[in-house]
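**Q** Provided below: final-v6.cif, containing mmCIF, C-alpha atoms and all ligand atoms.
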data_work
#
loop_
_atom_site.label_atom_id
_atom_site.label_comp_id
_atom_site.auth_asym_id
_atom_site.auth_seq_id
_atom_site.Cartn_x
_atom_site.Cartn_y
_atom_site.Cartn_z
CA MET A 159 172.94 -22.41 123.28
CA LEU A 160 175.02 -20.57 120.73
CA LEU A 161 173.98 -17.59 118.60
CA LYS A 162 176.22 -18.08 115.59
CA ASN A 163 177.68 -15.39 113.36
CA CYS A 164 175.48 -12.53 114.58
CA ARG A 165 175.48 -9.92 111.77
CA TYR A 166 175.14 -7.11 114.32
CA ILE A 167 175.15 -7.28 118.12
CA VAL A 168 173.81 -4.06 119.64
CA THR A 169 175.45 -4.75 123.00
CA GLN A 170 174.30 -1.72 125.04
CA ASN A 171 177.50 -2.23 127.05
CA GLY A 172 179.28 0.70 128.77
CA SER A 173 180.70 2.03 125.50
CA ARG A 174 177.54 1.13 123.51
CA GLU A 175 179.49 -1.06 121.10
CA VAL A 176 177.89 -2.58 118.04
CA LEU A 177 179.77 -5.78 117.19
CA GLU A 178 179.76 -7.51 113.81
CA ASN A 179 179.92 -11.19 112.89
CA LYS A 180 180.47 -12.52 116.41
CA ASP A 181 179.06 -15.54 118.29
CA ILE A 182 177.31 -15.44 121.66
CA LEU A 183 177.68 -18.49 123.87
CA ILE A 184 174.96 -19.02 126.48
CA GLU A 185 175.25 -21.55 129.29
CA ASP A 186 172.29 -22.16 131.58
CA ASN A 187 170.77 -18.68 131.87
CA LYS A 188 173.93 -16.61 131.33
CA ILE A 189 175.96 -15.13 128.50
CA VAL A 190 179.37 -16.71 129.08
CA LYS A 191 181.34 -15.65 126.01
CA ILE A 192 181.16 -13.28 123.04
CA GLY A 193 183.73 -14.05 120.34
CA GLU A 194 184.52 -15.86 117.11
CA ASP A 195 184.26 -19.52 116.14
CA LEU A 196 182.69 -20.66 119.40
CA GLY A 197 181.03 -23.71 117.79
CA GLU A 198 177.78 -24.52 115.99
CA GLY A 199 174.40 -22.99 116.81
CA LEU A 200 171.47 -20.83 115.72
CA ASP A 201 172.42 -18.99 112.54
CA CYS A 202 172.18 -15.21 113.13
CA SER A 203 174.00 -14.06 110.00
CA GLU A 204 170.86 -12.22 108.85
CA LYS A 205 169.89 -10.90 112.26
CA ILE A 206 170.25 -7.89 114.52
CA VAL A 207 170.89 -9.25 118.01
CA MET A 208 170.00 -6.94 120.89
CA PRO A 209 169.09 -7.02 124.59
CA GLY A 210 165.46 -7.92 125.25
CA LEU A 211 163.39 -4.77 125.81
CA ILE A 212 162.17 -3.82 129.27
CA ASN A 213 158.59 -2.54 129.48
CA ALA A 214 158.73 -0.77 132.85
CA HIS A 215 155.04 0.07 133.18
CA THR A 216 151.96 -1.76 132.02
CA HIS A 217 148.76 -3.43 133.27
CA LEU A 218 148.53 -6.80 131.51
CA GLY A 219 145.28 -7.82 133.19
CA MET A 220 143.55 -5.10 131.14
CA THR A 221 144.48 -6.61 127.78
CA SER A 222 140.87 -7.67 127.19
CA LEU A 223 139.91 -3.96 127.38
CA ARG A 224 141.88 -3.00 124.27
CA GLY A 225 139.84 -0.62 122.14
CA VAL A 226 136.73 -0.52 124.35
CA SER A 227 137.23 2.99 125.75
CA ASP A 228 139.12 5.10 123.25
CA ASP A 229 139.12 8.87 122.81
CA LYS A 230 138.41 9.88 126.40
CA GLU A 231 140.52 12.00 128.75
CA LEU A 232 141.97 10.36 131.87
CA ALA A 233 139.29 11.00 134.53
CA GLU A 234 136.42 9.95 132.24
CA TRP A 235 138.46 7.02 130.89
CA LEU A 236 139.36 5.79 134.41
CA GLU A 237 135.73 5.88 135.52
CA ASP A 238 134.68 3.83 132.49
CA ILE A 239 137.61 1.41 132.81
CA TRP A 240 137.11 0.87 136.55
CA ALA A 241 133.41 0.02 135.92
CA ARG A 242 134.44 -2.50 133.25
CA GLU A 243 137.24 -3.93 135.40
CA ALA A 244 134.81 -4.59 138.26
CA LYS A 245 133.06 -7.07 135.95
CA LEU A 246 136.24 -8.97 134.96
CA SER A 247 136.42 -12.50 136.36
CA GLU A 248 139.66 -14.06 137.59
CA GLU A 249 139.66 -16.07 134.36
CA ASP A 250 139.24 -12.88 132.23
CA ILE A 251 142.24 -11.32 133.98
CA LYS A 252 144.32 -14.45 133.58
CA GLU A 253 143.43 -14.70 129.88
CA GLY A 254 144.26 -11.00 129.43
CA LYS A 255 147.65 -11.59 131.01
CA ARG A 256 148.33 -14.58 128.79
CA LEU A 257 147.51 -12.57 125.67
CA GLY A 258 149.50 -9.55 126.90
CA ILE A 259 152.57 -11.62 127.72
CA LYS A 260 152.44 -13.30 124.32
CA GLU A 261 152.20 -9.91 122.60
CA ALA A 262 155.09 -8.53 124.68
CA LEU A 263 157.33 -11.51 123.86
CA ARG A 264 156.30 -11.51 120.20
CA THR A 265 157.36 -7.86 119.89
CA GLY A 266 160.73 -8.22 121.64
CA THR A 267 160.02 -7.45 125.29
CA THR A 268 161.65 -9.88 127.72
CA THR A 269 160.86 -8.08 131.02
CA VAL A 270 157.59 -6.46 132.10
CA VAL A 271 156.54 -4.51 135.16
CA ASP A 272 152.85 -5.36 135.48
CA MET A 273 150.83 -3.29 137.94
CA TYR A 274 147.62 -5.17 138.66
CA PHE A 275 145.36 -7.14 140.99
CA ARG A 276 145.06 -10.86 141.71
CA MET A 277 148.75 -11.49 141.27
CA GLY A 278 149.02 -14.84 143.02
CA SER A 279 147.32 -16.96 140.40
CA CYS A 280 148.07 -14.71 137.42
CA ALA A 281 151.84 -14.87 137.94
CA GLU A 282 151.59 -18.57 137.12
CA VAL A 283 150.87 -17.44 133.57
CA ALA A 284 154.10 -15.40 133.51
CA GLU A 285 156.01 -18.39 134.87
CA LYS A 286 154.55 -20.66 132.20
CA GLU A 287 154.95 -18.29 129.22
CA GLY A 288 158.60 -17.63 130.10
CA ILE A 289 158.76 -13.82 130.38
CA ARG A 290 160.71 -12.02 133.12
CA TYR A 291 157.98 -10.51 135.27
CA LEU A 292 157.69 -8.09 138.15
CA GLY A 293 154.12 -7.98 139.41
CA ALA A 294 153.40 -4.68 141.19
CA VAL A 295 150.45 -5.59 143.39
CA THR A 296 147.90 -2.77 143.10
CA PHE A 297 146.53 -1.20 146.25
CA LEU A 298 143.50 1.05 145.86
CA GLU A 299 141.25 2.64 148.45
CA ASP A 300 137.83 0.96 148.68
CA HIS A 301 138.27 -1.15 145.56
CA PRO A 302 136.82 -4.69 145.54
CA LEU A 303 139.95 -6.20 143.95
CA SER A 304 142.48 -4.41 146.19
CA PRO A 305 144.14 -6.78 148.73
CA ALA A 306 142.81 -6.56 152.29
CA THR A 307 146.28 -6.24 153.86
CA VAL A 308 149.55 -4.76 152.63
CA GLU A 309 151.14 -8.19 152.15
CA LEU A 310 152.83 -9.41 148.98
CA PRO A 311 152.52 -12.94 147.59
CA LYS A 312 155.75 -14.98 147.72
CA ASP A 313 158.02 -14.68 144.68
CA ILE A 314 157.40 -17.63 142.35
CA SER A 315 160.96 -17.88 141.01
CA SER A 316 164.00 -15.72 140.30
CA ARG A 317 162.20 -14.73 137.10
CA VAL A 318 158.71 -14.06 138.47
CA GLN A 319 158.63 -11.70 141.42
CA PHE A 320 156.39 -9.16 143.17
CA CYS A 321 156.62 -5.63 144.49
CA TYR A 322 154.21 -3.01 145.84
CA GLY A 323 152.00 -1.03 143.44
CA PRO A 324 149.96 1.60 145.31
CA HIS A 325 147.90 3.04 142.44
CA ALA A 326 148.37 6.82 142.89
CA ILE A 327 148.24 9.56 145.50
CA TYR A 328 144.62 10.36 144.59
CA SER A 329 143.45 6.75 144.89
CA THR A 330 145.50 5.48 147.86
CA SER A 331 145.23 7.05 151.33
CA GLU A 332 148.19 8.57 153.16
CA ASP A 333 147.79 5.90 155.80
CA MET A 334 148.03 3.13 153.20
CA LEU A 335 151.04 4.75 151.51
CA LYS A 336 152.82 4.91 154.87
CA GLN A 337 151.92 1.30 155.73
CA ILE A 338 153.31 0.14 152.38
CA LYS A 339 156.46 2.19 152.85
CA ASN A 340 157.01 0.71 156.31
CA LYS A 341 156.44 -2.84 155.08
CA SER A 342 158.45 -2.57 151.89
CA SER A 343 161.95 -3.06 153.38
CA GLY A 344 164.03 -2.85 150.23
CA LYS A 345 161.32 -4.07 147.82
CA LEU A 346 160.44 -1.77 144.94
CA ILE A 347 157.34 0.43 145.15
CA HIS A 348 155.71 1.32 141.85
CA ILE A 349 153.18 4.19 141.67
CA HIS A 350 151.54 6.55 139.14
CA VAL A 351 152.64 10.17 139.82
CA ALA A 352 151.75 13.51 138.24
CA GLU A 353 150.03 12.04 135.20
CA THR A 354 147.65 14.98 134.72
CA ARG A 355 147.40 18.66 135.54
CA LYS A 356 144.23 17.89 137.50
CA GLU A 357 146.15 15.49 139.75
CA ARG A 358 148.63 18.28 140.51
CA ALA A 359 145.90 20.84 141.25
CA ASP A 360 143.91 18.39 143.40
CA CYS A 361 147.03 17.44 145.39
CA LYS A 362 147.88 21.08 146.02
CA GLU A 363 144.33 21.74 147.21
CA LYS A 364 144.11 18.66 149.46
CA HIS A 365 147.64 18.55 150.90
CA GLY A 366 148.94 22.07 150.27
CA LYS A 367 151.81 20.50 148.33
CA LEU A 368 152.59 19.33 144.80
CA PRO A 369 152.63 15.53 144.23
CA VAL A 370 156.37 14.91 144.64
CA GLU A 371 156.60 17.41 147.53
CA TYR A 372 153.75 15.54 149.21
CA LEU A 373 155.40 12.12 148.73
CA GLU A 374 158.64 13.49 150.15
CA SER A 375 156.82 15.04 153.12
CA ILE A 376 155.38 11.66 154.20
CA GLY A 377 158.81 9.98 153.95
CA PHE A 378 157.82 7.95 150.91
CA LEU A 379 160.59 8.70 148.42
CA ASP A 380 163.89 6.87 148.07
CA GLU A 381 165.85 4.86 145.49
CA ASN A 382 163.32 1.99 145.66
CA VAL A 383 160.41 4.15 144.49
CA THR A 384 159.63 3.92 140.76
CA MET A 385 157.13 6.43 139.39
CA ALA A 386 155.09 6.16 136.20
CA HIS A 387 154.40 9.24 134.03
CA CYS A 388 155.89 12.22 135.98
CA VAL A 389 154.55 14.64 133.39
CA TRP A 390 153.29 17.59 135.44
CA LEU A 391 156.30 18.41 137.64
CA THR A 392 158.09 21.60 138.63
CA LYS A 393 161.88 21.97 138.60
CA GLY A 394 161.73 21.89 142.39
CA GLU A 395 160.04 18.49 142.25
CA LEU A 396 162.65 17.24 139.78
CA ASP A 397 165.35 18.31 142.25
CA ILE A 398 163.63 16.24 144.95
CA ILE A 399 163.43 13.16 142.68
CA ALA A 400 167.14 13.53 141.84
CA ARG A 401 168.12 13.99 145.50
CA LYS A 402 166.07 10.98 146.63
CA LYS A 403 167.31 8.89 143.65
CA ALA A 404 163.73 7.82 142.85
CA LYS A 405 163.23 6.49 139.30
CA VAL A 406 160.85 7.47 136.50
CA VAL A 407 159.13 5.53 133.72
CA HIS A 408 157.97 7.46 130.69
CA CYS A 409 154.77 6.36 128.89
CA PRO A 410 154.48 8.81 125.98
CA GLN A 411 151.79 7.07 123.91
CA SER A 412 149.41 6.67 126.85
CA ASN A 413 149.96 10.32 127.87
CA MET A 414 149.30 11.51 124.33
CA LYS A 415 146.27 9.28 123.76
CA LEU A 416 144.64 10.38 127.03
CA SER A 417 145.40 13.95 125.91
CA GLY A 418 147.22 14.92 129.11
CA GLY A 419 148.54 18.06 127.44
CA GLY A 420 151.92 18.17 129.14
CA VAL A 421 155.13 16.46 128.08
CA MET A 422 157.37 14.69 130.57
CA PRO A 423 160.41 16.99 131.06
CA LEU A 424 162.99 14.56 129.65
CA ASN A 425 165.86 17.02 129.16
CA GLU A 426 165.43 18.49 132.64
CA MET A 427 165.44 14.94 134.08
CA GLN A 428 168.59 14.05 132.17
CA GLU A 429 170.32 17.23 133.36
CA ARG A 430 169.69 16.06 136.93
CA GLY A 431 170.80 12.46 136.29
CA ILE A 432 167.32 11.05 136.94
CA VAL A 433 166.93 7.51 135.59
CA VAL A 434 164.17 7.37 132.97
CA ALA A 435 162.89 3.99 131.76
CA LEU A 436 160.18 3.42 129.14
CA GLY A 437 156.78 1.72 129.35
CA THR A 438 153.67 1.28 127.25
CA ASP A 439 151.04 1.53 130.01
CA SER A 440 148.03 -0.73 129.32
CA VAL A 441 146.54 -1.51 125.94
CA ALA A 442 143.36 0.24 127.14
CA SER A 443 145.27 3.52 126.70
CA ASN A 444 147.99 2.76 124.10
CA ASN A 445 146.70 0.33 122.47
CA SER A 446 149.78 -1.83 121.93
CA LEU A 447 152.55 -3.46 123.98
CA ASP A 448 155.09 -3.05 121.17
CA MET A 449 158.08 -1.28 122.76
CA PHE A 450 159.54 -0.46 119.31
CA ARG A 451 156.49 1.74 118.72
CA GLU A 452 156.97 3.28 122.14
CA MET A 453 160.63 4.10 121.44
CA HIS A 454 159.70 5.66 118.11
CA VAL A 455 157.01 7.89 119.61
CA ALA A 456 159.22 8.87 122.58
CA ALA A 457 161.97 10.08 120.24
CA LEU A 458 159.61 12.07 118.03
CA LEU A 459 157.60 13.60 120.87
CA HIS A 460 160.63 15.18 122.55
CA LYS A 461 162.27 16.44 119.36
CA HIS A 462 159.01 18.13 118.48
CA HIS A 463 158.37 19.44 121.97
CA TYR A 464 161.85 20.91 122.53
CA TRP A 465 162.23 22.17 118.92
CA ASP A 466 165.52 20.26 118.89
CA PRO A 467 166.25 17.28 116.61
CA ALA A 468 169.19 16.22 118.81
CA THR A 469 166.91 15.68 121.82
CA ALA A 470 165.93 12.05 122.49
CA SER A 471 168.43 10.58 120.01
CA ALA A 472 168.02 6.96 118.97
CA GLN A 473 170.74 5.96 121.45
CA ILE A 474 169.13 7.85 124.35
CA VAL A 475 165.75 6.25 123.66
CA LEU A 476 167.20 2.75 123.20
CA ASP A 477 168.93 3.21 126.57
CA MET A 478 165.55 4.01 128.15
CA ALA A 479 164.13 0.68 126.94
CA THR A 480 167.16 -1.42 127.93
CA VAL A 481 169.90 -0.33 130.38
CA ASN A 482 167.79 2.33 132.12
CA GLY A 483 165.02 -0.24 132.55
CA ALA A 484 167.51 -2.46 134.36
CA VAL A 485 168.62 0.37 136.70
CA PHE A 486 164.95 1.23 137.25
CA LEU A 487 164.45 -2.33 138.50
CA GLY A 488 167.58 -2.15 140.66
CA ARG A 489 169.25 -4.85 138.56
CA ASP A 490 172.73 -5.08 137.08
CA ASP A 491 172.24 -8.46 135.39
CA ILE A 492 169.91 -7.55 132.48
CA GLY A 493 169.58 -4.76 129.89
CA SER A 494 172.77 -5.39 127.90
CA ILE A 495 174.60 -8.17 126.07
CA GLU A 496 177.81 -8.70 128.03
CA GLU A 497 179.64 -11.71 129.40
CA GLY A 498 178.24 -12.58 132.81
CA LYS A 499 174.80 -11.03 132.24
CA LEU A 500 171.59 -13.03 132.06
CA ALA A 501 170.71 -14.15 128.54
CA ASP A 502 167.64 -11.98 127.79
CA ILE A 503 168.16 -11.45 124.07
CA VAL A 504 166.04 -10.81 121.00
CA THR A 505 166.87 -10.96 117.31
CA LEU A 506 165.37 -8.99 114.41
CA ASN A 507 165.18 -10.19 110.84
CA LEU A 508 167.46 -8.12 108.59
CA ASN A 509 165.71 -9.48 105.51
CA ASP A 510 162.63 -7.45 106.37
CA GLU A 511 162.34 -4.58 103.90
CA ASN A 512 161.93 -1.86 106.56
CA LEU A 513 165.41 -2.64 107.98
CA GLN A 514 167.23 -2.23 104.66
CA PRO A 515 169.70 -0.98 103.66
CA HIS A 516 171.81 -1.42 106.77
CA ASP A 517 175.31 -0.94 108.12
CA LYS A 518 176.89 -0.75 111.56
CA GLU A 519 176.60 3.06 111.77
CA ARG A 520 172.83 3.14 111.31
CA ILE A 521 171.70 0.01 113.08
CA VAL A 522 170.70 1.80 116.32
CA SER A 523 168.82 4.34 114.20
CA HIS A 524 166.94 1.48 112.53
CA LEU A 525 165.90 0.04 115.91
CA VAL A 526 164.26 3.31 117.00
CA TYR A 527 163.14 5.00 113.78
CA ALA A 528 162.40 2.10 111.41
CA ALA A 529 161.80 -1.17 113.26
CA ASN A 530 158.61 -2.50 114.77
CA GLY A 531 157.84 -5.50 116.91
CA MET A 532 156.90 -7.62 113.90
CA ASN A 533 160.58 -7.61 112.85
CA VAL A 534 161.38 -9.68 115.95
CA SER A 535 162.44 -13.21 115.12
CA ASP A 536 163.90 -15.08 118.14
CA VAL A 537 163.25 -14.31 121.79
CA ILE A 538 165.47 -15.68 124.54
CA VAL A 539 164.62 -15.15 128.21
CA ASP A 540 166.79 -16.43 131.03
CA GLY A 541 168.76 -18.51 128.52
CA LYS A 542 165.67 -20.23 127.09
CA LEU A 543 164.49 -19.80 123.51
CA ILE A 544 160.80 -18.95 123.55
CA SER A 545 159.77 -20.74 120.40
CA ARG A 546 159.27 -17.97 117.83
CA PRO A 547 156.40 -16.38 119.74
CA GLY A 548 153.43 -15.78 117.46
CA ARG A 549 155.13 -17.32 114.42
CA PRO A 550 154.41 -20.84 113.20
ZN ZN A 601 149.43 2.92 134.35
#
Turn this file's structure into structure tokens for me.
**A**
Amino acid sequence: MLLKNCRYIVTQNGSREVLENKDILIEDNKIVKIGEDLGEGLDCSEKIVMPGLINAHTHLGMTSLRGVSDDKELAEWLEDIWAREAKLSEEDIKEGKRLGIKEALRTGTTTVVDMYFRMGSCAEVAEKEGIRYLGAVTFLEDHPLSPATVELPKDISSRVQFCYGPHAIYSTSEDMLKQIKNKSSGKLIHIHVAETRKERADCKEKHGKLPVEYLESIGFLDENVTMAHCVWLTKGELDIIARKKAKVVHCPQSNMKLSGGGVMPLNEMQERGIVVALGTDSVASNNSLDMFREMHVAALLHKHHYWDPATASAQIVLDMATVNGAVFLGRDDIGSIEEGKLADIVTLNLNDENLQPHDKERIVSHLVYAANGMNVSDVIVDGKLISRPGRP
């Protein structure tokens, strides 16, 4: 496959180059050459070409619960959602995943981290729809859908894989967390941490420690642990995360919608070199899987919170949704458009009014402050063109 005459290529390479009027040659599932006059192919002369976005935290099986439980704070929302989830059939979950994956692809996401139950059969959907998929198998104490043993299903392909997803410290016992840690041997562990002030207070009362201190004390934290939210943390806990090289995924819209009150300490994380990826969380608390919306809100939230317009620049936020997402997943083969990387690429239509006028200097700005998922035109995952998802 050849992407011909790309008007702009937002490479996200080491020097964050934006290239103009170049071709991208793809062989099998890899980008093999970026240059000029490489042959005939898909005309991209009116397109922005960028790495596919990485949604590092969501729950696709909950897609059918979009809009059913709005305007509640987390504890009340969780109780309602868990009651509704208990009634979902395997087919409901599978259908939710199918819809969620289609929405993610349609809006420019090529990789998702999906924390949910019943992975074995549902991952078939991911395999069929063509997205890059990491299923974080959810473990919950005394939950009917939680697996009976801490075993993972076998990876389906190089594109569809599994990792551990213990739900949170308040919903998974210390014994189960330790069992998972012992079993994990190099696999990623994905967990919700410090989402609310209540979680922090409850953890302090129960364990005499704050959430990250507690996870460190049971030998849980290392570079394979990826934590969603991380809103209510002290500087001491941030130091622990940095020292252990654990990773963080920021979900600003879900935090704001569930009225968590706090703001994830982005600047303090950056000062410590903590890797921060970006995720939407589920559509039951967002209510969208559009990562362009998520980037936009992330940028605005932190500027407003820190009283500093230079905080969370367009480039910093785009990094969260691309290259940082790759590091979060422990991968060096996705997240940027470079020779040798896997071809996970999306294009946006420059003829759309909200992306005009344009030039090289403001194209990254457009991606974060002006674009939305409906500007996405072509989606390529693992070298395969997903036929204009959602468009006739
Ligand atoms: Zn979540």
**Q** Provide the atom CA of Leu218 of chain A to atom CA of Val421 of chain A distance in Å, to one decimal place.
**A**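 Rounded to one decimal, the two atoms are 24.4 Å apart.
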**Q** Smallest atom-to-atom distance to ligand ZN 601 (chain A): which of A:Thr438, A:Thr469, A:Thr267, A:Ser523, using all atoms listed in the file?
**A**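 Going through A:Thr438, A:Thr469, A:Thr267, A:Ser523 one by one, the smallest distance to ligand ZN 601 (chain A) is for A:Thr438.
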**Q** Give the residue list for ligand ZN 601 (chain A) at 9 Å, counting only C-alpha atoms and all ligand atoms, as a list in words, sorted by chain and then by residue number.
**A**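 Result of the 9 Å neighbour search around ligand ZN 601 (chain A): His215, Thr216, His217, Met273, His325, Ile349, His350, Ala386, His387, Cys409, Ser412, Gly437, Thr438, Asp439, Ser440 and Ser443 of chain A.
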**Q** Could you write out that same residue set with C-alpha atoms as a PDB file, in the coordinates of the input?
**A**
ATOM      1  CA  HIS A 215     155.040   0.070 133.180  1.00  0.00           C
ATOM      2  CA  THR A 216     151.960  -1.760 132.020  1.00  0.00           C
ATOM      3  CA  HIS A 217     148.760  -3.430 133.270  1.00  0.00           C
ATOM      4  CA  MET A 273     150.830  -3.290 137.940  1.00  0.00           C
ATOM      5  CA  HIS A 325     147.900   3.040 142.440  1.00  0.00           C
ATOM      6  CA  ILE A 349     153.180   4.190 141.670  1.00  0.00           C
ATOM      7  CA  HIS A 350     151.540   6.550 139.140  1.00  0.00           C
ATOM      8  CA  ALA A 386     155.090   6.160 136.200  1.00  0.00           C
ATOM      9  CA  HIS A 387     154.400   9.240 134.030  1.00  0.00           C
ATOM     10  CA  CYS A 409     154.770   6.360 128.890  1.00  0.00           C
ATOM     11  CA  SER A 412     149.410   6.670 126.850  1.00  0.00           C
ATOM     12  CA  GLY A 437     156.780   1.720 129.350  1.00  0.00           C
ATOM     13  CA  THR A 438     153.670   1.280 127.250  1.00  0.00           C
ATOM     14  CA  ASP A 439     151.040   1.530 130.010  1.00  0.00           C
ATOM     15  CA  SER A 440     148.030  -0.730 129.320  1.00  0.00           C
ATOM     16  CA  SER A 443     145.270   3.520 126.700  1.00  0.00           C
TER      17      SER A 443
END
**Q** Return the single residue from A:Cys202, A:Tyr322, A:Asp300, A:Leu379 that is closest to Lys345 of chain A, with distances computed using only C-alpha atoms.
**A**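 Among the listed residues, A:Tyr322 lies closest to Lys345 of chain A.
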**Q** Extract, using only C-alpha atoms, all DNA, RNA and protein residues at most 10 Å from Val539 of chain A, discarding same-chain residues fewer than 4 positions from it, and format them as a list of chain:residue names.
**A**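 Near neighbours after the sequence-gap exclusion: A:Asn187, A:Lys188, A:Pro209, A:Gly210, A:Leu263, A:Thr267, A:Thr268, A:Thr269, A:Gly288, A:Ile289, A:Arg290, A:Arg317, A:Leu500, A:Ala501, A:Asp502, A:Ile503, A:Val504, A:Leu543, A:Ile544.
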**Q** Between A:Leu160, A:Met449, A:Ile376, A:Met385, which is the closest to Val407 of chain A once you count only C-alpha atoms?
**A**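 Residue with the minimum atom-to-atom distance to Val407 of chain A: A:Met385.
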**Q** So the first atom is atom CA of Asn482 of chain A and the second is atom CA of Ser417 of chain A; what is the distance between them in Å, to one decimal place?
**A**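 One can read the atom CA of Asn482 of chain A to atom CA of Ser417 of chain A distance as 26.0 Å.
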**Q** If we count only C-alpha atoms, what is near Ser247 of chain A at a cut-off of 12 Å, once residues fewer than 5 positions away on the same chain are taken out, given as a VMD selection string?
**A** chain A and resid 219 to 220 222 242 252 to 254 275 to 276 280 303
**Q** Could you check the closest approach to Ser535 of chain A for each of A:Gly278, A:Pro311, A:Gly420, A:Gly266 and tell me which residue wins, using all atoms listed in the file?
**A**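 Closest residue, counting all atoms listed in the file: A:Gly266.
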**Q** Counting only C-alpha atoms, find residues at most 9 Å from (166.1, -13.8, 109.1) (file frame) and give them as a VMD selection string.
**A** chain A and resid 201 to 205 505 to 510 535
**Q** Can you build me a table of segment 190-306 of chain A residues sitting at most 9 Å from segment 492-496 of chain A, with the closest atom pair per residue and its distance in Å to one decimal, using all atoms listed in the file, sorted by chain and residue number, as JSON lines?
**A**
{"residue": "A:Val190", "atom": "CA", "partner": "A:Glu496", "partner_atom": "CA", "distance": 8.2}
{"residue": "A:Lys191", "atom": "CA", "partner": "A:Glu496", "partner_atom": "CA", "distance": 8.1}
{"residue": "A:Ile192", "atom": "CA", "partner": "A:Glu496", "partner_atom": "CA", "distance": 7.6}
{"residue": "A:Val207", "atom": "CA", "partner": "A:Ile495", "partner_atom": "CA", "distance": 8.9}
{"residue": "A:Met208", "atom": "CA", "partner": "A:Ile495", "partner_atom": "CA", "distance": 7.0}
{"residue": "A:Pro209", "atom": "CA", "partner": "A:Ser494", "partner_atom": "CA", "distance": 5.2}
{"residue": "A:Gly210", "atom": "CA", "partner": "A:Gly493", "partner_atom": "CA", "distance": 7.0}
{"residue": "A:Leu211", "atom": "CA", "partner": "A:Gly493", "partner_atom": "CA", "distance": 7.4}
{"residue": "A:Ile212", "atom": "CA", "partner": "A:Gly493", "partner_atom": "CA", "distance": 7.5}
**Q** Which residues are close to Gly377 of chain A, i.e. within 10 Å by all atoms listed in the file, leaving aside same-chain residues fewer than 3 positions away? Reply as a ChimeraX atom specification.
**A** /A:335-336,339-340,372-374,380
**Q** From the list A:Ala442, A:Leu161, A:Val383, A:Leu487, which residue is nearest Asp228 of chain A when using only C-alpha atoms?
**A**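 Residue with the minimum atom-to-atom distance to Asp228 of chain A: A:Ala442.
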**Q** Could segment 457-470 of chain A be completed with N, CA and C atoms and returned as a PDB file, in the coordinates of the input?
**A**
ATOM      1  N   ALA A 457     160.955   9.273 120.938  1.00  0.00           N
ATOM      2  CA  ALA A 457     161.970  10.080 120.240  1.00  0.00           C
ATOM      3  C   ALA A 457     161.308  11.272 119.548  1.00  0.00           C
ATOM      4  N   LEU A 458     160.249  11.005 118.814  1.00  0.00           N
ATOM      5  CA  LEU A 458     159.610  12.070 118.030  1.00  0.00           C
ATOM      6  C   LEU A 458     158.950  13.128 118.928  1.00  0.00           C
ATOM      7  N   LEU A 459     158.292  12.674 119.967  1.00  0.00           N
ATOM      8  CA  LEU A 459     157.600  13.600 120.870  1.00  0.00           C
ATOM      9  C   LEU A 459     158.563  14.659 121.417  1.00  0.00           C
ATOM     10  N   HIS A 460     159.733  14.223 121.890  1.00  0.00           N
ATOM     11  CA  HIS A 460     160.630  15.180 122.550  1.00  0.00           C
ATOM     12  C   HIS A 460     161.365  16.086 121.565  1.00  0.00           C
ATOM     13  N   LYS A 461     161.680  15.564 120.381  1.00  0.00           N
ATOM     14  CA  LYS A 461     162.270  16.440 119.360  1.00  0.00           C
ATOM     15  C   LYS A 461     161.305  17.573 119.031  1.00  0.00           C
ATOM     16  N   HIS A 462     160.048  17.181 118.853  1.00  0.00           N
ATOM     17  CA  HIS A 462     159.010  18.130 118.480  1.00  0.00           C
ATOM     18  C   HIS A 462     158.771  19.137 119.612  1.00  0.00           C
ATOM     19  N   HIS A 463     158.682  18.610 120.813  1.00  0.00           N
ATOM     20  CA  HIS A 463     158.370  19.440 121.970  1.00  0.00           C
ATOM     21  C   HIS A 463     159.467  20.456 122.266  1.00  0.00           C
ATOM     22  N   TYR A 464     160.720  20.020 122.187  1.00  0.00           N
ATOM     23  CA  TYR A 464     161.850  20.910 122.530  1.00  0.00           C
ATOM     24  C   TYR A 464     162.344  21.727 121.323  1.00  0.00           C
ATOM     25  N   TRP A 465     161.755  21.510 120.158  1.00  0.00           N
ATOM     26  CA  TRP A 465     162.230  22.170 118.920  1.00  0.00           C
ATOM     27  C   TRP A 465     163.711  21.872 118.742  1.00  0.00           C
ATOM     28  N   ASP A 466     164.093  20.606 118.940  1.00  0.00           N
ATOM     29  CA  ASP A 466     165.520  20.260 118.890  1.00  0.00           C
ATOM     30  C   ASP A 466     165.667  18.814 118.400  1.00  0.00           C
ATOM     31  N   PRO A 467     166.139  18.638 117.160  1.00  0.00           N
ATOM     32  CA  PRO A 467     166.250  17.280 116.610  1.00  0.00           C
ATOM     33  C   PRO A 467     167.258  16.397 117.340  1.00  0.00           C
ATOM     34  N   ALA A 468     168.183  17.028 118.109  1.00  0.00           N
ATOM     35  CA  ALA A 468     169.190  16.220 118.810  1.00  0.00           C
ATOM     36  C   ALA A 468     168.653  15.665 120.134  1.00  0.00           C
ATOM     37  N   THR A 469     167.527  16.199 120.594  1.00  0.00           N
ATOM     38  CA  THR A 469     166.910  15.680 121.820  1.00  0.00           C
ATOM     39  C   THR A 469     166.380  14.274 121.573  1.00  0.00           C
ATOM     40  N   ALA A 470     166.444  13.428 122.582  1.00  0.00           N
ATOM     41  CA  ALA A 470     165.930  12.050 122.490  1.00  0.00           C
ATOM     42  C   ALA A 470     166.472  11.359 121.233  1.00  0.00           C
TER      43      ALA A 470
END
